[in-house]
Amino acid sequence: MTPRLVLALAALTIAKASLAEDLVVWHAYRAEEKAALETIAAQYNATHASKGVTIKTLAVPFDALADKISAAVPRGRGADIFIYAQDRLGGWIETGNVIEPLDFFLDKATRARYLPLTLQAMTYRGTVYGLPVNFKVIALIYNKKLVPAPPKTTTELVAIAKKLTSKASGRFGLAYSYADFYYHAALMNGFGGRVFEAGPKAVIDNPQNIQSMDLLLQWIYTDKILPAEPSTALVTALFNEEKTGMVFSGPWFLSEISKSIDYGIAPLPLIDEAGGKPMRPWVTVEGAFIAAPCKNKDAAYEFIKYLTDASSAKVMAIKGRQTPANKEVYSDPSVASNPVLKAFKSQVDVSVPMPNIAEMSMMWSPVTIAIGSIVKRGATPKEALATAQKALTADMANLRRK
Amino acid sequence: MSNDLASLPPIEAPSLRKRVASVGRYIAGIRADRASGRPGQRRWMHVAAHAFLLLMVAITLYPLLWVTTIAFSGSQSLAIVDLPEHATRWDRVRAVIPWPSTWSSQNFVSVLSDQPFGKWLFNSFLVSFGATILGLGIACSAAYAFSRLTFPGRRVGMLSFLVSQMFPGTLMMIPLYIVLVQWLNLGSSRLGLILAYATTSVPFSVWMLKGYFDTIPKDLEEAALIEGATTGQIFFRVILPLAKPALAVTALFSFMSAWNEFILAATFMNEEGMYTAPVGLRFFVGGFSQQWGYFAAGALITALPVTILFLFLQRYLVSGLTAGSVKG
Amino acid sequence: MSTGTAQRPVIRAIVGSLLAGALALGVAHALLGRAFENLATDTDDRSGIVALNALTAVVQSPQSSDDTLRRTVQGWQTRTSGITASRIVRIAGAELLASTAAHDSVEAEAPRRLERDEKPLFDMAQRLRSAVNLNRDEGAPRKNEIEVESLPKGGRSFSGPFVEDGEISGLVQVQSIDTAVPRRPSWWITLGLILMVVGCAVVPAFVFRRRSRVATWGAVGAGAIGLIAALTLHGSFATKALMEAQAQGDAAIAARARSQADAVSAVIPGDVATEDSLAPGAWDTDVYRRSRGRLTADATILPAPPMPSVFGKSLFLLFAFALVLLATTVLGGFHALGRALRDNRVAYAYILPAIVGMALLVYFPFVYGVVLSFTDSTLYNANQGVAETWIGLRNYADIIFDFNVFSHGDNGWVVNYSNFYWTLFFTIVWTITNVTIGVTVGLALALVLNIKNLWFKPLYRVVLILPWAVPNYITALVWKGMFHRQFGVINQVLEIFGRQPISWFDNPLSSFATALATNGWLSFPFMMVVSMGALQSIPEELYEAAEVDGASWRQRFFAITLPALRPALVPAIILSVIWTFNMFNVIYLVTGGEPSGATEILVTQAYKFAFERYRYGYAAAYSTIIFMILLVYGIFQNRVSRATEA
């Protein structure tokens, strides 16, 4: 019986050793956001020391994080937890062995503490795969000196912008990367447009999308309030040099603004051309996901639950200057009094989660080509979107071909 | 190529000592040359050369001055042309000159103090240096065999180095990960990166060195053989010193490709303390956030060591020892 | 001629045919063995799935309530052979409704909430639910609706969804022991056939042993005929044996289905017996819950479809390998190889480190990519093996035979920019122009910097390599910014000289020019450094001699400089063609493919197929075609310049 006893003892020690394991978190945060995450991890390590689990964080540049996850995690060499936006969710779930489903752990109270649409972004085919940490959404960011009161409707927007525009000297009332479909989506969703329907089926060429393109063309060519070839780098430069009064951009933009500029944030305007409906930008939600090969999923879940509770969300909001997905934190006085957080929070209430299906990644190329030729008037919105629709439908069919 | 060299007058087999003396003679020849010659023609040639070089220097520096402008502007946006309402020609000229409106070293300070950038530079140096030494060692030995020995599979072998460069690298990530991390267990180690970088630069190095070795006359080795030198001595004492320019080129190439590599370093390293400088740089731009001011400052800091390395290497790059030796 | 040399063809014929025969028939033997095992596994799977579908019918019958469920399941299991445990899980509330597992009946009796270590069971239930919904939405089977898993202690578990009130509400799982015993292929037949191959090859070798040439080729020819005959014979044995085994399997499944019909009627009162139990043949489904078409509704066996060959396409490949092995051995290939290795061991030792490094880090990924290119591996089936996704040359055919370069739109003919041939054309133009610029500028600078006694040479050199030294991620972006319609300096300069500004990214030609300018700027320093190094190999005396002979500047350049530069410059040019062909960054950062994807190059397309459209196999085929194009170029260029031969 002795060998068996030795084996049992060995098994016990191994079990103990694995209990004292580190849980590694991969993320793409930098500067304040990173500091906030590290603070939360340190707090957790201090208060949960008795459980024998230590959280370790690793920052990875955003451009490498997805590749790193795809290469390492399915082979059991990656992080136990990673933080990423929902746009890759569908792809990773279809790949398999990357993300652990969480429904089994999730109780009602936990579900209830998030902004509903952020949890929706973490849900793929009826199953929740991650806990939402922060959301990112675009809003109207304006120079208080040039625009004393932000516009509430598109009519007001155009009126203010026209006054500020002087094309010869390179001044524009409004600037945003309108040729980037992510930014355009705010107008598209506002008109009731969409890219996919259940199935999934591509519906890029629907009439609402065309209407939204028509309005954009009107802003560019009739009202002439937008600059040509608007890269994100150009938008930042224009805003910093006070050559534009208003931009549509998200929380990341705030760290790019020069210190000399006094800016304000307001929700995007209501679209008069769509009967006064609000512009509805896409929300990207950064979720904390448990890696499927993680050995201590219970502990990992405990941590991501802690990471997304109200007190951690407050650290994220105040120290990290992030917009947390936890809705309880917005009733906290120090958060509620913060104009930036308040503005993004009221924007997210009328927003749409960016689709998380795998087919989403196929959409960008054809749609970018379409919008590129539309804004340069190489094709009418109808023609260009029809071409994009054809291309996307073909790509989706090819993926399923046997 | 061999034909051109073969058409040279036959070289007597002098001793190495004599050869060194010949170098001295050669240099003396240059000095003499400088004194004599046709001054008028030479002066015009020099003026034209300077004009051409200055033009190229201007083209080279202009975009870099914009990078410098961004780095020293203290803000995060790219520079754009700034014109008043009714721009005159003079306004436009002023607008295209890269010059920050305010000078600030804030970006440099932030880059160096907010994260362990110094440590990352050091890592970059270690990895690039290791990859250069290893890659050069492997490549020299292979190139010597390809240049001096005949054996079955020589052509195919050379071609296979070329072939290795042909498959698009973007799709190689997963298999490379399987080999280095899963099989060799070299994840999150400098050695793994060194291996990966060394092998990526080997094909170029082998071809470059082989081509250069071919131009070194075989008579030199034969002379050394007669004097009783071993193969190893010939390789290290005769061939390598004569191939200094090619070694400098390949070393620079190996170092440079390792120095600027980003995606493998970010994927294989699992500790922030192990990252290299390009990984650190990419933190500033990615996803939505694009802090070009920090990036430009970091890029200039990163470029500095390579430039210094080149300052050091260029002596060897233009060391015309071969020319003297051939004269014999 | 001594007896020793006369015996050589005979010995080689014996060794070669033995090796080839052993390879061909050994593999054939192993394949047949695997086919038998697969058939046995398949029979066990079918048996388990019939039981699973029957139990699902029980669970879904209107008669069963949560209270009676456990007893019903228990009753069903006692009437069913080979089932060791059954579980019913409901997703809502993560509830274990019933379980006959030993652990659950003693310590943790159902119904109860699932415990944490039972999470996989819950996840599986959800997975099955979403699979059924997905297959319904897409109208095609894509994901398994029945999951089969091997259990650590032997046997297998089968899990499928069950429906309550028209919705998938949970999972039914049965665990079974494996019962089917695979047949073993006969070693005697295999050995006999190997001997037959050896006999075929040895006879001509022995008869003509005095005429070595005839003996050798005779052995190869006769050995090949022997191989064909042996493989054909083996194939016909195999087919017959497999047909028998399959018929046995069908019979077992039919019996299983009928006994399950009895079991189901026994646990559910006869008057509510569902349609299912009246049609037990329908329980014989695949993992997508589609009928296998082997049984009728009342479980009578349908006539067997024609047996597909065990080996299929691999048979030809197997024959080819064996023949190569035979020919190489008989013709003395291995002997020669061994001698070459011995004779040139010094040379091989010199190149060994380089070859080992390349083999691991370059050739393995390369082979991986090429294999992938013959599959239709996509996001949805990347986990399946190569054999299941093998589609031969279809990806290549799809790429190469798509001639839809021009299409007729409303505004006349337009170029279809995503077509392979347009992209190829553009890539070639891109490569030629870039390398030309890089080489010309680099070489010119190197030549100028080689002028004797020129002032400030070290300074010029350092400044001129800066584009190579500064990370190109930012310099490329600065270049892009310089070409901006309104805020870029290039257009400002045009306006200073009274020209109209240009929208650089609006048409393919000017957009191409922006990328070309950027890449030219980025790549000339490399060529300059290479040329500077190469220039050092030219003996000064050659120039002096030429000058004495009165050669002009032009003559000296073409007669001395250029030929002398060739050995170092040609490799650099070949490699820079290859690199530029696959230059991903500059296009991506500067033009981003604008306008309308006109300035994409092949490698950016391959990238998009892999990472945006998730078609890994297709992208690999694209990459392999890129590789083939470059290979043809490399061999051609190499031959023209004889760069490998100094």
# chains A, B, ... in the order shown; residues from 1 in each chain; ligands from 1

call {"tool": "closest_atom_pairs", "arguments": {"of": "chain A", "to": "chain C", "cutoff": "6 Å", "atoms": "only C-alpha atoms", "output": "tab-separated table"}}
result
residue	atom	partner	partner_atom	distance
A:Thr95	CA	C:Leu379	CA	5.9
A:Gly199	CA	C:Asp137	CA	5.2
A:Ser361	CA	C:Glu612	CA	5.0
A:Met362	CA	C:Glu612	CA	5.0
A:Ile369	CA	C:Ser596	CA	4.8

call {"tool": "write_last_selection", "arguments": {"atoms": "N, CA and C atoms", "output": "short mmCIF file (atom, residue, chain, number, x, y, z; two decimals), in the first residue's frame"}}
result
data_model
loop_
_atom_site.label_atom_id
_atom_site.label_comp_id
_atom_site.auth_asym_id
_atom_site.auth_seq_id
_atom_site.Cartn_x
_atom_site.Cartn_y
_atom_site.Cartn_z
N THR A 95 -13.09 29.69 -32.77
CA THR A 95 -11.82 28.97 -32.80
C THR A 95 -11.82 27.85 -31.77
N GLY A 199 -28.85 35.56 -38.32
CA GLY A 199 -28.55 34.53 -39.31
C GLY A 199 -27.14 34.00 -39.20
N SER A 361 -15.28 41.06 -38.65
CA SER A 361 -13.97 41.42 -39.18
C SER A 361 -13.97 41.45 -40.71
N MET A 362 -14.93 40.74 -41.33
CA MET A 362 -14.98 40.74 -42.80
C MET A 362 -15.61 42.00 -43.33
N ILE A 369 -13.93 50.50 -48.33
CA ILE A 369 -13.82 50.85 -49.75
C ILE A 369 -15.07 51.63 -50.18
#

call {"tool": "residues_around", "arguments": {"residues": "stretch 284-288 of chain B", "least_positions_apart": "6", "cutoff": "8 Å", "atoms": "only C-alpha atoms", "output": "number ranges by chain"}}
result
A: 30, 61-63, 252; B: 294-295

call {"tool": "closest_atom_pairs", "arguments": {"of": "chain A", "to": "chain B", "cutoff": "8 Å", "atoms": "only C-alpha atoms", "output": "tab-separated table"}}
result
residue	atom	partner	partner_atom	distance
A:Ala28	CA	B:Phe283	CA	7.9
A:Arg30	CA	B:Phe283	CA	6.8
A:Ala31	CA	B:Asp114	CA	7.5
A:Leu58	CA	B:Glu272	CA	6.4
A:Ala59	CA	B:Glu272	CA	6.9
A:Val60	CA	B:Ala266	CA	6.8
A:Pro61	CA	B:Phe283	CA	4.8
A:Phe62	CA	B:Gly286	CA	5.2
A:Asp63	CA	B:Gly286	CA	5.6
A:Ala64	CA	B:Ile263	CA	6.1
A:Leu65	CA	B:Thr267	CA	7.7
A:Asp67	CA	B:Thr267	CA	7.3
A:Lys68	CA	B:Thr267	CA	4.9
A:Ala71	CA	B:Ile174	CA	5.8
A:Ala72	CA	B:Tyr177	CA	7.9
A:Ser166	CA	B:Glu85	CA	7.7
A:Ala168	CA	B:Glu85	CA	6.0
A:Ser169	CA	B:Glu85	CA	4.3
A:Gly170	CA	B:Leu83	CA	7.0
A:Ala233	CA	B:Leu78	CA	6.1
A:Leu234	CA	B:Leu78	CA	7.0
A:Thr236	CA	B:Ser77	CA	5.7
A:Ala237	CA	B:Ser77	CA	4.8
A:Asn240	CA	B:Ser77	CA	7.3
A:Trp252	CA	B:Ser289	CA	5.1
A:Phe253	CA	B:Ser289	CA	6.6
A:Ser255	CA	B:Gln291	CA	7.9
A:Glu256	CA	B:Gln76	CA	5.3
A:Ile257	CA	B:Gln76	CA	7.2
A:Ser258	CA	B:Ser75	CA	5.7

call {"tool": "write_last_selection", "arguments": {"atoms": "N, CA and C atoms", "output": "PDB file, in the first residue's frame"}}
result
ATOM      1  N   ALA A  28      -4.115  45.643 -22.468  1.00  0.00           N
ATOM      2  CA  ALA A  28      -3.406  46.590 -23.349  1.00  0.00           C
ATOM      3  C   ALA A  28      -3.488  48.001 -22.782  1.00  0.00           C
ATOM      4  N   ARG A  30      -2.376  51.414 -20.687  1.00  0.00           N
ATOM      5  CA  ARG A  30      -1.136  52.176 -20.554  1.00  0.00           C
ATOM      6  C   ARG A  30      -1.399  53.349 -19.625  1.00  0.00           C
ATOM      7  N   ALA A  31      -0.338  53.866 -19.054  1.00  0.00           N
ATOM      8  CA  ALA A  31      -0.417  55.078 -18.231  1.00  0.00           C
ATOM      9  C   ALA A  31      -1.455  54.938 -17.114  1.00  0.00           C
ATOM     10  N   LEU A  58       0.154  41.852 -16.941  1.00  0.00           N
ATOM     11  CA  LEU A  58       1.142  42.077 -18.004  1.00  0.00           C
ATOM     12  C   LEU A  58       0.518  42.969 -19.061  1.00  0.00           C
ATOM     13  N   ALA A  59       1.118  44.135 -19.276  1.00  0.00           N
ATOM     14  CA  ALA A  59       0.647  45.013 -20.339  1.00  0.00           C
ATOM     15  C   ALA A  59       1.266  44.565 -21.656  1.00  0.00           C
ATOM     16  N   VAL A  60       0.451  44.476 -22.695  1.00  0.00           N
ATOM     17  CA  VAL A  60       0.916  44.093 -24.031  1.00  0.00           C
ATOM     18  C   VAL A  60       0.435  45.191 -24.975  1.00  0.00           C
ATOM     19  N   PRO A  61       1.290  45.664 -25.909  1.00  0.00           N
ATOM     20  CA  PRO A  61       0.804  46.692 -26.839  1.00  0.00           C
ATOM     21  C   PRO A  61      -0.453  46.203 -27.565  1.00  0.00           C
ATOM     22  N   PHE A  62      -1.386  47.096 -27.744  1.00  0.00           N
ATOM     23  CA  PHE A  62      -2.664  46.720 -28.339  1.00  0.00           C
ATOM     24  C   PHE A  62      -2.480  45.991 -29.665  1.00  0.00           C
ATOM     25  N   ASP A  63      -1.542  46.477 -30.493  1.00  0.00           N
ATOM     26  CA  ASP A  63      -1.351  45.879 -31.814  1.00  0.00           C
ATOM     27  C   ASP A  63      -0.881  44.434 -31.757  1.00  0.00           C
ATOM     28  N   ALA A  64      -0.366  44.007 -30.619  1.00  0.00           N
ATOM     29  CA  ALA A  64       0.145  42.640 -30.522  1.00  0.00           C
ATOM     30  C   ALA A  64      -0.748  41.746 -29.682  1.00  0.00           C
ATOM     31  N   LEU A  65      -1.645  42.355 -28.895  1.00  0.00           N
ATOM     32  CA  LEU A  65      -2.373  41.560 -27.897  1.00  0.00           C
ATOM     33  C   LEU A  65      -3.227  40.469 -28.531  1.00  0.00           C
ATOM     34  N   ASP A  67      -2.969  38.958 -31.443  1.00  0.00           N
ATOM     35  CA  ASP A  67      -2.139  37.889 -32.003  1.00  0.00           C
ATOM     36  C   ASP A  67      -1.534  37.036 -30.901  1.00  0.00           C
ATOM     37  N   LYS A  68      -1.143  37.718 -29.845  1.00  0.00           N
ATOM     38  CA  LYS A  68      -0.520  36.997 -28.741  1.00  0.00           C
ATOM     39  C   LYS A  68      -1.530  36.046 -28.097  1.00  0.00           C
ATOM     40  N   ALA A  71      -2.179  33.110 -30.416  1.00  0.00           N
ATOM     41  CA  ALA A  71      -1.077  32.154 -30.513  1.00  0.00           C
ATOM     42  C   ALA A  71      -0.913  31.366 -29.225  1.00  0.00           C
ATOM     43  N   ALA A  72      -1.011  32.051 -28.089  1.00  0.00           N
ATOM     44  CA  ALA A  72      -0.613  31.423 -26.830  1.00  0.00           C
ATOM     45  C   ALA A  72      -1.761  30.715 -26.116  1.00  0.00           C
ATOM     46  N   SER A 166     -13.690  78.031 -42.388  1.00  0.00           N
ATOM     47  CA  SER A 166     -13.093  78.901 -43.387  1.00  0.00           C
ATOM     48  C   SER A 166     -12.090  78.037 -44.111  1.00  0.00           C
ATOM     49  N   ALA A 168     -10.317  78.208 -46.742  1.00  0.00           N
ATOM     50  CA  ALA A 168      -9.047  78.745 -47.241  1.00  0.00           C
ATOM     51  C   ALA A 168      -7.974  78.726 -46.166  1.00  0.00           C
ATOM     52  N   SER A 169      -8.369  79.039 -44.928  1.00  0.00           N
ATOM     53  CA  SER A 169      -7.359  79.058 -43.876  1.00  0.00           C
ATOM     54  C   SER A 169      -7.327  77.737 -43.108  1.00  0.00           C
ATOM     55  N   GLY A 170      -8.016  76.727 -43.655  1.00  0.00           N
ATOM     56  CA  GLY A 170      -7.937  75.420 -43.037  1.00  0.00           C
ATOM     57  C   GLY A 170      -8.675  75.310 -41.726  1.00  0.00           C
ATOM     58  N   ALA A 233      -5.251  61.102 -36.984  1.00  0.00           N
ATOM     59  CA  ALA A 233      -4.116  61.965 -36.650  1.00  0.00           C
ATOM     60  C   ALA A 233      -4.409  63.415 -37.036  1.00  0.00           C
ATOM     61  N   LEU A 234      -5.065  63.594 -38.185  1.00  0.00           N
ATOM     62  CA  LEU A 234      -5.398  64.948 -38.626  1.00  0.00           C
ATOM     63  C   LEU A 234      -6.419  65.590 -37.692  1.00  0.00           C
ATOM     64  N   THR A 236      -6.916  65.084 -34.544  1.00  0.00           N
ATOM     65  CA  THR A 236      -6.243  65.523 -33.321  1.00  0.00           C
ATOM     66  C   THR A 236      -5.475  66.819 -33.564  1.00  0.00           C
ATOM     67  N   ALA A 237      -4.743  66.838 -34.678  1.00  0.00           N
ATOM     68  CA  ALA A 237      -3.943  68.024 -34.976  1.00  0.00           C
ATOM     69  C   ALA A 237      -4.831  69.250 -35.125  1.00  0.00           C
ATOM     70  N   ASN A 240      -6.091  70.385 -31.717  1.00  0.00           N
ATOM     71  CA  ASN A 240      -5.033  70.966 -30.888  1.00  0.00           C
ATOM     72  C   ASN A 240      -4.597  72.333 -31.393  1.00  0.00           C
ATOM     73  N   TRP A 252     -10.325  58.035 -25.411  1.00  0.00           N
ATOM     74  CA  TRP A 252      -8.895  57.999 -25.751  1.00  0.00           C
ATOM     75  C   TRP A 252      -8.390  59.340 -26.275  1.00  0.00           C
ATOM     76  N   PHE A 253      -9.295  60.124 -26.849  1.00  0.00           N
ATOM     77  CA  PHE A 253      -8.923  61.400 -27.457  1.00  0.00           C
ATOM     78  C   PHE A 253      -8.455  62.388 -26.391  1.00  0.00           C
ATOM     79  N   SER A 255      -6.525  62.146 -23.894  1.00  0.00           N
ATOM     80  CA  SER A 255      -5.096  62.166 -23.567  1.00  0.00           C
ATOM     81  C   SER A 255      -4.264  62.746 -24.709  1.00  0.00           C
ATOM     82  N   GLU A 256      -4.899  62.983 -25.868  1.00  0.00           N
ATOM     83  CA  GLU A 256      -4.160  63.548 -26.994  1.00  0.00           C
ATOM     84  C   GLU A 256      -4.344  65.063 -27.091  1.00  0.00           C
ATOM     85  N   ILE A 257      -5.286  65.624 -26.298  1.00  0.00           N
ATOM     86  CA  ILE A 257      -5.566  67.050 -26.386  1.00  0.00           C
ATOM     87  C   ILE A 257      -4.458  67.845 -25.692  1.00  0.00           C
ATOM     88  N   SER A 258      -4.042  68.915 -26.329  1.00  0.00           N
ATOM     89  CA  SER A 258      -3.017  69.770 -25.714  1.00  0.00           C
ATOM     90  C   SER A 258      -3.536  70.370 -24.418  1.00  0.00           C
TER      91      SER A 258
END

call {"tool": "closest_residue", "arguments": {"among": "B:Leu242, B:Met208, B:Val47, B:Ala58", "to": "chain C", "atoms": "only C-alpha atoms"}}
result
B:Met208

call {"tool": "closest_atom_pairs", "arguments": {"of": "chain C", "to": "chain B", "cutoff": "7 Å", "atoms": "only C-alpha atoms", "output": "JSON lines"}}
result
{"residue": "C:Asn344", "atom": "CA", "partner": "B:Phe151", "partner_atom": "CA", "distance": 6.1}
{"residue": "C:Ala347", "atom": "CA", "partner": "B:Ala145", "partner_atom": "CA", "distance": 5.4}
{"residue": "C:Tyr350", "atom": "CA", "partner": "B:Ser141", "partner_atom": "CA", "distance": 5.2}
{"residue": "C:Ile351", "atom": "CA", "partner": "B:Ala142", "partner_atom": "CA", "distance": 4.2}
{"residue": "C:Pro353", "atom": "CA", "partner": "B:Ile138", "partner_atom": "CA", "distance": 6.0}
{"residue": "C:Ala354", "atom": "CA", "partner": "B:Ile138", "partner_atom": "CA", "distance": 5.5}
{"residue": "C:Gly357", "atom": "CA", "partner": "B:Thr199", "partner_atom": "CA", "distance": 6.0}
{"residue": "C:Met358", "atom": "CA", "partner": "B:Thr199", "partner_atom": "CA", "distance": 6.2}
{"residue": "C:Leu360", "atom": "CA", "partner": "B:Val179", "partner_atom": "CA", "distance": 7.0}
{"residue": "C:Leu361", "atom": "CA", "partner": "B:Leu176", "partner_atom": "CA", "distance": 6.2}
{"residue": "C:Val362", "atom": "CA", "partner": "B:Ser164", "partner_atom": "CA", "distance": 6.2}
{"residue": "C:Tyr363", "atom": "CA", "partner": "B:Ser164", "partner_atom": "CA", "distance": 6.9}
{"residue": "C:Pro365", "atom": "CA", "partner": "B:Pro175", "partner_atom": "CA", "distance": 4.9}
{"residue": "C:Phe366", "atom": "CA", "partner": "B:Phe167", "partner_atom": "CA", "distance": 6.8}
{"residue": "C:Tyr368", "atom": "CA", "partner": "B:Pro175", "partner_atom": "CA", "distance": 7.0}
{"residue": "C:Val448", "atom": "CA", "partner": "B:Ala49", "partner_atom": "CA", "distance": 6.1}
{"residue": "C:Leu454", "atom": "CA", "partner": "B:His46", "partner_atom": "CA", "distance": 6.5}
{"residue": "C:Val462", "atom": "CA", "partner": "B:Leu311", "partner_atom": "CA", "distance": 6.6}
{"residue": "C:Val463", "atom": "CA", "partner": "B:Val57", "partner_atom": "CA", "distance": 6.7}
{"residue": "C:Leu464", "atom": "CA", "partner": "B:Val57", "partner_atom": "CA", "distance": 6.3}
{"residue": "C:Pro467", "atom": "CA", "partner": "B:Thr60", "partner_atom": "CA", "distance": 6.8}
{"residue": "C:Ala469", "atom": "CA", "partner": "B:Ala303", "partner_atom": "CA", "distance": 5.2}
{"residue": "C:Val470", "atom": "CA", "partner": "B:Ala303", "partner_atom": "CA", "distance": 4.9}
{"residue": "C:Pro471", "atom": "CA", "partner": "B:Ala299", "partner_atom": "CA", "distance": 5.9}
{"residue": "C:Ile474", "atom": "CA", "partner": "B:Ala296", "partner_atom": "CA", "distance": 6.8}
{"residue": "C:Thr475", "atom": "CA", "partner": "B:Pro63", "partner_atom": "CA", "distance": 6.8}
{"residue": "C:Val478", "atom": "CA", "partner": "B:Pro63", "partner_atom": "CA", "distance": 6.5}
{"residue": "C:Trp479", "atom": "CA", "partner": "B:Pro63", "partner_atom": "CA", "distance": 6.8}
{"residue": "C:Phe487", "atom": "CA", "partner": "B:Val81", "partner_atom": "CA", "distance": 4.9}
{"residue": "C:Gly488", "atom": "CA", "partner": "B:Val81", "partner_atom": "CA", "distance": 6.2}
{"residue": "C:Val489", "atom": "CA", "partner": "B:Val96", "partner_atom": "CA", "distance": 5.4}
{"residue": "C:Gln492", "atom": "CA", "partner": "B:Arg92", "partner_atom": "CA", "distance": 6.2}
{"residue": "C:Ile496", "atom": "CA", "partner": "B:Arg89", "partner_atom": "CA", "distance": 5.6}
{"residue": "C:Val529", "atom": "CA", "partner": "B:Val249", "partner_atom": "CA", "distance": 6.5}
{"residue": "C:Val530", "atom": "CA", "partner": "B:Val249", "partner_atom": "CA", "distance": 6.2}
{"residue": "C:Met532", "atom": "CA", "partner": "B:Val318", "partner_atom": "CA", "distance": 6.9}
{"residue": "C:Gly533", "atom": "CA", "partner": "B:Pro245", "partner_atom": "CA", "distance": 4.8}
{"residue": "C:Gln536", "atom": "CA", "partner": "B:Gly320", "partner_atom": "CA", "distance": 5.2}
{"residue": "C:Ser537", "atom": "CA", "partner": "B:Thr322", "partner_atom": "CA", "distance": 6.0}
{"residue": "C:Ile538", "atom": "CA", "partner": "B:Ala323", "partner_atom": "CA", "distance": 6.1}
{"residue": "C:Pro539", "atom": "CA", "partner": "B:Ala323", "partner_atom": "CA", "distance": 4.1}
{"residue": "C:Glu540", "atom": "CA", "partner": "B:Ala323", "partner_atom": "CA", "distance": 6.0}
{"residue": "C:Pro563", "atom": "CA", "partner": "B:Met1", "partner_atom": "CA", "distance": 6.3}
{"residue": "C:Ala564", "atom": "CA", "partner": "B:Met1", "partner_atom": "CA", "distance": 6.5}
{"residue": "C:Pro567", "atom": "CA", "partner": "B:Gly211", "partner_atom": "CA", "distance": 4.5}
{"residue": "C:Ala568", "atom": "CA", "partner": "B:Gly211", "partner_atom": "CA", "distance": 4.9}
{"residue": "C:Pro571", "atom": "CA", "partner": "B:Trp207", "partner_atom": "CA", "distance": 5.9}
{"residue": "C:Ile578", "atom": "CA", "partner": "B:Met166", "partner_atom": "CA", "distance": 6.2}
{"residue": "C:Asn582", "atom": "CA", "partner": "B:Pro168", "partner_atom": "CA", "distance": 6.2}
{"residue": "C:Val603", "atom": "CA", "partner": "B:Pro168", "partner_atom": "CA", "distance": 6.7}
{"residue": "C:Tyr607", "atom": "CA", "partner": "B:Thr170", "partner_atom": "CA", "distance": 6.9}
{"residue": "C:Ser623", "atom": "CA", "partner": "B:Pro168", "partner_atom": "CA", "distance": 6.1}
{"residue": "C:Thr624", "atom": "CA", "partner": "B:Phe167", "partner_atom": "CA", "distance": 6.9}
{"residue": "C:Phe627", "atom": "CA", "partner": "B:Met166", "partner_atom": "CA", "distance": 5.2}
{"residue": "C:Leu630", "atom": "CA", "partner": "B:Met166", "partner_atom": "CA", "distance": 6.2}
{"residue": "C:Leu631", "atom": "CA", "partner": "B:Val163", "partner_atom": "CA", "distance": 6.5}
{"residue": "C:Thr644", "atom": "CA", "partner": "B:Arg155", "partner_atom": "CA", "distance": 6.6}
{"residue": "C:Ala646", "atom": "CA", "partner": "B:Ser2", "partner_atom": "CA", "distance": 5.4}

call {"tool": "select_by_dssp", "arguments": {"residues": "stretch 223-365 of chain A", "states": "alpha helix (DSSP H)", "output": "number ranges by chain"}}
result
A: 232-240, 297-307, 310-318, 333-336, 339-348, 360-365

call {"tool": "residues_around", "arguments": {"residues": "stretch 299-301 of chain A", "least_positions_apart": "4", "cutoff": "7 Å", "atoms": "only C-alpha atoms", "output": "ChimeraX atom specification"}}
result
/A:81,290,305

call {"tool": "write_last_selection", "arguments": {"atoms": "N, CA and C atoms", "output": "mmCIF file, in the first residue's frame"}}
result
data_model
loop_
_atom_site.group_PDB
_atom_site.id
_atom_site.type_symbol
_atom_site.label_atom_id
_atom_site.label_comp_id
_atom_site.auth_asym_id
_atom_site.auth_seq_id
_atom_site.Cartn_x
_atom_site.Cartn_y
_atom_site.Cartn_z
ATOM 1 N N ILE A 81 -6.356 35.183 -17.533
ATOM 2 C CA ILE A 81 -7.426 36.163 -17.742
ATOM 3 C C ILE A 81 -6.895 37.167 -18.750
ATOM 4 N N ILE A 290 -12.002 34.801 -19.081
ATOM 5 C CA ILE A 290 -11.193 33.726 -18.504
ATOM 6 C C ILE A 290 -10.743 32.825 -19.636
ATOM 7 N N LYS A 305 -14.767 39.162 -11.020
ATOM 8 C CA LYS A 305 -15.941 39.707 -10.361
ATOM 9 C C LYS A 305 -15.535 40.915 -9.506
#
